[in-house]
Amino acid sequence: IFLVSCNENNIIYVGTNAEFPPFEYFDKDKIVGFDIDLINEVGNILNKEIKVIHMDFDGLLPALQSKKVDMVIAGMTETEERKENVNFSNSYYEAKQVIIINEDNNYIKSFEDLENKNVGVVLGFTGDALMTEKDNSILKRFSNVYSAVLDLKNGKIEAIVLDSEPAKNIIKNNEGIKVVNTDSLKESYAIAFRKDDENLMLEINNALKKLGENGKYKELIDKYFN
Ligand code: GLN
């Protein structure tokens with residue numbers, strides 16, 4: 001047998017924003033997490049090398065459009081607005097928005113209680129879109145969730161609206177804050193592709209299906225969420 005070394009065509013460049021644990025985050029200088037394991041399993045099935053590139057969340061879709069990356073996996077919710085510009089794979093995770101508050105806060109119990117409060121969101125996240133639409137809080141937009149948590153602890157904001165799993169992960173690693181569960185709508189995470197790159201999307205959908213069938217997907221869910 002021949003061992004063929006990887007050429008350009010054998011590499012898939014994947015954009016992410018590694019500030020969203022447990023889906024993607026830095027472990028020292030290495031990017032790890034559920035999405036990263038999942039996309040590497042996909043790479044194994046397709047026999048392609050996966051190169052993950054970190055960037056700001058709101059730079060991900062522009063990087064995809066300008067072909068700096070071939071796809072984006074970033075706990076990204078499939079929204080109508082985003083679908084105007086990109087295609088999404090089959091969904092691989094279901095989430096919703098929750099509220100993070102200080103442990104001693106006993107007056108914020110739902111989204112209604114955020115009215116006229118200083119609320120932190122991360123720029124361009126679905127939490128930002130949700131709260132912007134509600135339009136009844138004083139919104140502060142952060143470039144990442146870690147700086148929002150600092151302001152929450154300092155009392156500069158009273159709450160953060162964030163995706164459910166990262167919220168759980170963040171309160172586990174920070175003392176003095178807690179999660180309020182909400183009845184927000186479900187959101188589906190999916191991988192984003194350029195509209196003209198339908199073949200790649202179909203290949204990835206097939207690979208995702210295989211990972212569902214061979215038990216790998218379940219293994220990763222257990223590893224990160226149970
Ligand atoms: N699910 C949220 C969104 O799509 C947050 C994603 C993220 O921070 N990586 O906007």
# chains A, B, ... in the order shown; residues from 1 in each chain; ligands from 1
>>> select_by_dssp(residues="segment 28-88 of chain A", states="strand (DSSP E or B)", output="list in words")
Lys30, Ile31, Val32, Glu49, Ile50, Lys51, Val52, Ile53, His54, Met71, Val72, Thr77, Val86, Asn87 and Phe88 of chain A
>>> closest_atom_pairs(of="chain A", to="ligand 1", cutoff="7 Å", atoms="only C-alpha atoms and all ligand atoms", output="Markdown table")
| residue | atom | partner | partner_atom_place_in_ligand_line | distance |
| --- | --- | --- | --- | --- |
| A:Asn17 | CA | ligand 1 | 9 (N) | 6.0 |
| A:Phe20 | CA | ligand 1 | 9 (N) | 5.4 |
| A:Phe57 | CA | ligand 1 | 9 (N) | 6.4 |
| A:Ala74 | CA | ligand 1 | 9 (N) | 4.4 |
| A:Gly75 | CA | ligand 1 | 9 (N) | 4.5 |
| A:Met76 | CA | ligand 1 | 4 (O) | 3.5 |
| A:Thr77 | CA | ligand 1 | 4 (O) | 3.7 |
| A:Glu78 | CA | ligand 1 | 4 (O) | 6.9 |
| A:Gly124 | CA | ligand 1 | 10 (O) | 6.0 |
| A:Phe125 | CA | ligand 1 | 10 (O) | 3.2 |
| A:Thr126 | CA | ligand 1 | 10 (O) | 3.8 |
| A:Gly127 | CA | ligand 1 | 10 (O) | 6.7 |
| A:Asp163 | CA | ligand 1 | 1 (N) | 6.0 |
| A:Tyr189 | CA | ligand 1 | 1 (N) | 6.6 |
>>> residues_around(residues="Arg82 of chain A", least_positions_apart="4", cutoff="12 Å", atoms="only C-alpha atoms", output="JSON, numbers by chain")
{"A": [58, 60, 61, 62, 65, 76, 77, 78, 86, 87, 88, 124, 125, 126, 129, 190, 191, 192, 193, 194, 195]}
>>> residues_around(residues="segment 95-109 of chain A", least_positions_apart="5", cutoff="7 Å", atoms="only C-alpha atoms", output="NGL selection string")
:A and (114 or 127 or 153 or 158-164 or 167 or 176-182 or 184-188)
>>> write_last_selection(atoms="N, CA and C atoms", output="PDB file, in the first residue's frame")
ATOM      1  N   LEU A 114     -36.440  40.554  34.127  1.00  0.00           N
ATOM      2  CA  LEU A 114     -35.269  41.280  33.613  1.00  0.00           C
ATOM      3  C   LEU A 114     -35.637  42.682  33.128  1.00  0.00           C
ATOM      4  N   GLY A 127     -28.606  34.918  22.415  1.00  0.00           N
ATOM      5  CA  GLY A 127     -29.078  35.631  23.604  1.00  0.00           C
ATOM      6  C   GLY A 127     -29.176  37.124  23.349  1.00  0.00           C
ATOM      7  N   LYS A 153     -20.282  39.507  38.741  1.00  0.00           N
ATOM      8  CA  LYS A 153     -19.763  39.352  40.105  1.00  0.00           C
ATOM      9  C   LYS A 153     -19.503  40.710  40.750  1.00  0.00           C
ATOM     10  N   GLU A 158     -26.868  42.690  36.421  1.00  0.00           N
ATOM     11  CA  GLU A 158     -27.594  41.839  37.365  1.00  0.00           C
ATOM     12  C   GLU A 158     -27.845  40.437  36.819  1.00  0.00           C
ATOM     13  N   ALA A 159     -27.666  40.280  35.526  1.00  0.00           N
ATOM     14  CA  ALA A 159     -27.950  38.974  34.927  1.00  0.00           C
ATOM     15  C   ALA A 159     -27.218  38.841  33.598  1.00  0.00           C
ATOM     16  N   ILE A 160     -27.024  37.580  33.195  1.00  0.00           N
ATOM     17  CA  ILE A 160     -26.468  37.282  31.863  1.00  0.00           C
ATOM     18  C   ILE A 160     -27.429  36.317  31.190  1.00  0.00           C
ATOM     19  N   VAL A 161     -27.721  36.548  29.930  1.00  0.00           N
ATOM     20  CA  VAL A 161     -28.532  35.575  29.180  1.00  0.00           C
ATOM     21  C   VAL A 161     -27.588  34.796  28.271  1.00  0.00           C
ATOM     22  N   LEU A 162     -27.623  33.467  28.412  1.00  0.00           N
ATOM     23  CA  LEU A 162     -26.657  32.619  27.708  1.00  0.00           C
ATOM     24  C   LEU A 162     -27.254  31.246  27.414  1.00  0.00           C
ATOM     25  N   ASP A 163     -26.641  30.529  26.470  1.00  0.00           N
ATOM     26  CA  ASP A 163     -27.066  29.161  26.149  1.00  0.00           C
ATOM     27  C   ASP A 163     -26.936  28.250  27.383  1.00  0.00           C
ATOM     28  N   SER A 164     -27.833  27.271  27.470  1.00  0.00           N
ATOM     29  CA  SER A 164     -27.963  26.436  28.659  1.00  0.00           C
ATOM     30  C   SER A 164     -26.702  25.670  29.064  1.00  0.00           C
ATOM     31  N   ALA A 167     -23.789  27.853  30.181  1.00  0.00           N
ATOM     32  CA  ALA A 167     -24.145  28.459  31.467  1.00  0.00           C
ATOM     33  C   ALA A 167     -23.851  27.491  32.602  1.00  0.00           C
ATOM     34  N   GLY A 176     -20.397  31.502  43.522  1.00  0.00           N
ATOM     35  CA  GLY A 176     -21.244  32.657  43.809  1.00  0.00           C
ATOM     36  C   GLY A 176     -22.253  33.021  42.737  1.00  0.00           C
ATOM     37  N   ILE A 177     -22.352  32.218  41.692  1.00  0.00           N
ATOM     38  CA  ILE A 177     -23.374  32.509  40.680  1.00  0.00           C
ATOM     39  C   ILE A 177     -24.208  31.255  40.398  1.00  0.00           C
ATOM     40  N   LYS A 178     -25.421  31.467  39.913  1.00  0.00           N
ATOM     41  CA  LYS A 178     -26.327  30.331  39.667  1.00  0.00           C
ATOM     42  C   LYS A 178     -27.137  30.541  38.391  1.00  0.00           C
ATOM     43  N   VAL A 179     -27.774  29.449  37.966  1.00  0.00           N
ATOM     44  CA  VAL A 179     -28.565  29.486  36.729  1.00  0.00           C
ATOM     45  C   VAL A 179     -30.050  29.495  37.052  1.00  0.00           C
ATOM     46  N   VAL A 180     -30.804  30.338  36.364  1.00  0.00           N
ATOM     47  CA  VAL A 180     -32.259  30.297  36.437  1.00  0.00           C
ATOM     48  C   VAL A 180     -32.749  29.648  35.150  1.00  0.00           C
ATOM     49  N   ASN A 181     -33.482  28.554  35.286  1.00  0.00           N
ATOM     50  CA  ASN A 181     -34.019  27.917  34.096  1.00  0.00           C
ATOM     51  C   ASN A 181     -35.190  28.717  33.556  1.00  0.00           C
ATOM     52  N   THR A 182     -35.376  28.666  32.262  1.00  0.00           N
ATOM     53  CA  THR A 182     -36.433  29.486  31.660  1.00  0.00           C
ATOM     54  C   THR A 182     -37.270  28.634  30.723  1.00  0.00           C
ATOM     55  N   SER A 184     -37.597  29.472  27.607  1.00  0.00           N
ATOM     56  CA  SER A 184     -37.258  29.991  26.276  1.00  0.00           C
ATOM     57  C   SER A 184     -37.380  28.894  25.224  1.00  0.00           C
ATOM     58  N   LEU A 185     -37.559  29.313  23.990  1.00  0.00           N
ATOM     59  CA  LEU A 185     -37.721  28.349  22.899  1.00  0.00           C
ATOM     60  C   LEU A 185     -36.466  27.521  22.709  1.00  0.00           C
ATOM     61  N   LYS A 186     -36.652  26.323  22.197  1.00  0.00           N
ATOM     62  CA  LYS A 186     -35.506  25.475  21.883  1.00  0.00           C
ATOM     63  C   LYS A 186     -34.754  26.021  20.664  1.00  0.00           C
ATOM     64  N   GLU A 187     -33.445  25.823  20.686  1.00  0.00           N
ATOM     65  CA  GLU A 187     -32.609  26.226  19.547  1.00  0.00           C
ATOM     66  C   GLU A 187     -31.827  25.009  19.073  1.00  0.00           C
ATOM     67  N   SER A 188     -31.546  24.950  17.780  1.00  0.00           N
ATOM     68  CA  SER A 188     -30.782  23.812  17.264  1.00  0.00           C
ATOM     69  C   SER A 188     -29.396  24.252  16.826  1.00  0.00           C
TER      70      SER A 188
END
>>> atom_distance(atom1="atom CA of Val52 of chain A", atom2="atom CA of Asn226 of chain A")
25.2 Å
>>> atom_distance(atom1="atom CA of Glu80 of chain A", atom2="atom CA of Glu112 of chain A")
24.7 Å
